[in-house]
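Asker: Have a look at this one.
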Amino acid sequence: MTSKFSPDDVKHLAQLAKLKLSAEEANTFAPQLENIVRFFEQLQEVNTKNVTETSQTTGLENVWREDKIDSCSYEKELLACSPHKKTEEQICIPKIL
């Protein structure tokens, strides 16, 4: 059986993912990519009509805390680390736009 994906297809995908592959690796991964796509095609055949959609399965929720201002005992040392000008205990950075 011939693969739908050529080594050039694999190299193109690798380039999009910013990966460098050798020709040998591209030849190895082409049939593997075919198997992965075939598996996803099988998953599309699964009947999920009565399955409740979910994006989280453990029941965990975000834990929020109230924002409050605390004093910082090392504020002056932090400000001193910056090479930029300081005004009113704030660092002035150059405009970006």
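Just so we're on the same page: first chain in the structure tokens is A, next is B, and so on; residues restart at 1 for each chain, and ligands are numbered from 1 in the order they show up.
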With a distance cut-off of 7 Å and only C-alpha atoms, select the neighbouring residues of region 29-43 of chain A, excluding the residue or stretch itself and same-chain residues fewer than 4 positions from it, and output the selection as a ChimeraX atom specification.
Answerer: /A:3-7,10,25
Asker: Keeping only C-alpha atoms, take the residues you just selected and write them out as a short mmCIF file (atom, residue, chain, number, x, y, z; two decimals), in the first residue's frame.
Answerer:
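Produced file again-v3.cif, reproduced below:
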```
data_model
loop_
_atom_site.label_atom_id
_atom_site.label_comp_id
_atom_site.auth_asym_id
_atom_site.auth_seq_id
_atom_site.Cartn_x
_atom_site.Cartn_y
_atom_site.Cartn_z
CA SER A 3 1.24 6.25 1.53
CA LYS A 4 -0.84 9.37 0.93
CA PHE A 5 2.08 11.32 2.31
CA SER A 6 5.41 11.69 0.60
CA PRO A 7 8.65 12.52 2.37
CA VAL A 10 6.59 15.37 5.92
CA GLU A 25 13.74 10.78 8.96
#
```
Asker: At a cut-off of 12 Å, using only C-alpha atoms, what residues contact Cys92 (chain A)? Leave out same-chain residues fewer than 4 positions from it and give the result as a ChimeraX atom specification.
Answerer: /A:79,82-88,96
Asker: Next, write the just-selected residues to a file, as an mmCIF file, in the first residue's frame, keeping N, CA and C atoms as the atom set.
Answerer:
```
data_model
loop_
_atom_site.group_PDB
_atom_site.id
_atom_site.type_symbol
_atom_site.label_atom_id
_atom_site.label_comp_id
_atom_site.auth_asym_id
_atom_site.auth_seq_id
_atom_site.Cartn_x
_atom_site.Cartn_y
_atom_site.Cartn_z
ATOM 1 N N LEU A 79 14.164 48.134 41.432
ATOM 2 C CA LEU A 79 14.255 49.317 40.574
ATOM 3 C C LEU A 79 15.698 49.581 40.163
ATOM 4 N N SER A 82 17.204 47.899 36.845
ATOM 5 C CA SER A 82 16.842 48.315 35.492
ATOM 6 C C SER A 82 17.813 49.366 34.962
ATOM 7 N N PRO A 83 18.211 49.230 33.695
ATOM 8 C CA PRO A 83 19.078 50.253 33.093
ATOM 9 C C PRO A 83 18.282 51.490 32.648
ATOM 10 N N HIS A 84 16.955 51.423 32.716
ATOM 11 C CA HIS A 84 16.122 52.528 32.251
ATOM 12 C C HIS A 84 15.947 53.587 33.338
ATOM 13 N N LYS A 85 15.528 54.761 32.919
ATOM 14 C CA LYS A 85 15.270 55.880 33.820
ATOM 15 C C LYS A 85 14.112 55.537 34.766
ATOM 16 N N LYS A 86 14.202 56.028 35.985
ATOM 17 C CA LYS A 86 13.140 55.814 36.966
ATOM 18 C C LYS A 86 12.481 57.142 37.307
ATOM 19 N N THR A 87 11.162 57.139 37.392
ATOM 20 C CA THR A 87 10.397 58.317 37.775
ATOM 21 C C THR A 87 9.318 57.889 38.751
ATOM 22 N N GLU A 88 9.232 58.521 39.887
ATOM 23 C CA GLU A 88 8.216 58.220 40.891
ATOM 24 C C GLU A 88 8.147 56.724 41.194
ATOM 25 N N ILE A 96 7.312 51.723 22.191
ATOM 26 C CA ILE A 96 7.463 50.665 21.203
ATOM 27 C C ILE A 96 6.843 51.080 19.878
#
```
Asker: For the helix (DSSP H, G or I) assignment from backbone DSSP, which residues of region 19-90 of chain A qualify? Please present them as number ranges by chain.
Answerer: A: 23-44, 75-81
Asker: In terms of the shortest atom-to-atom distance over only C-alpha atoms, which of A:Asp8, A:Glu61, A:Glu89, A:Glu45 is closest to Glu75 (chain A)?
Answerer: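 Smallest distance to Glu75 (chain A) is found for A:Glu89.
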Asker: Distance CA of Lys68 (chain A)-CA of Cys81 (chain A), one decimal place?
Answerer: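 The value is 24.8 Å.
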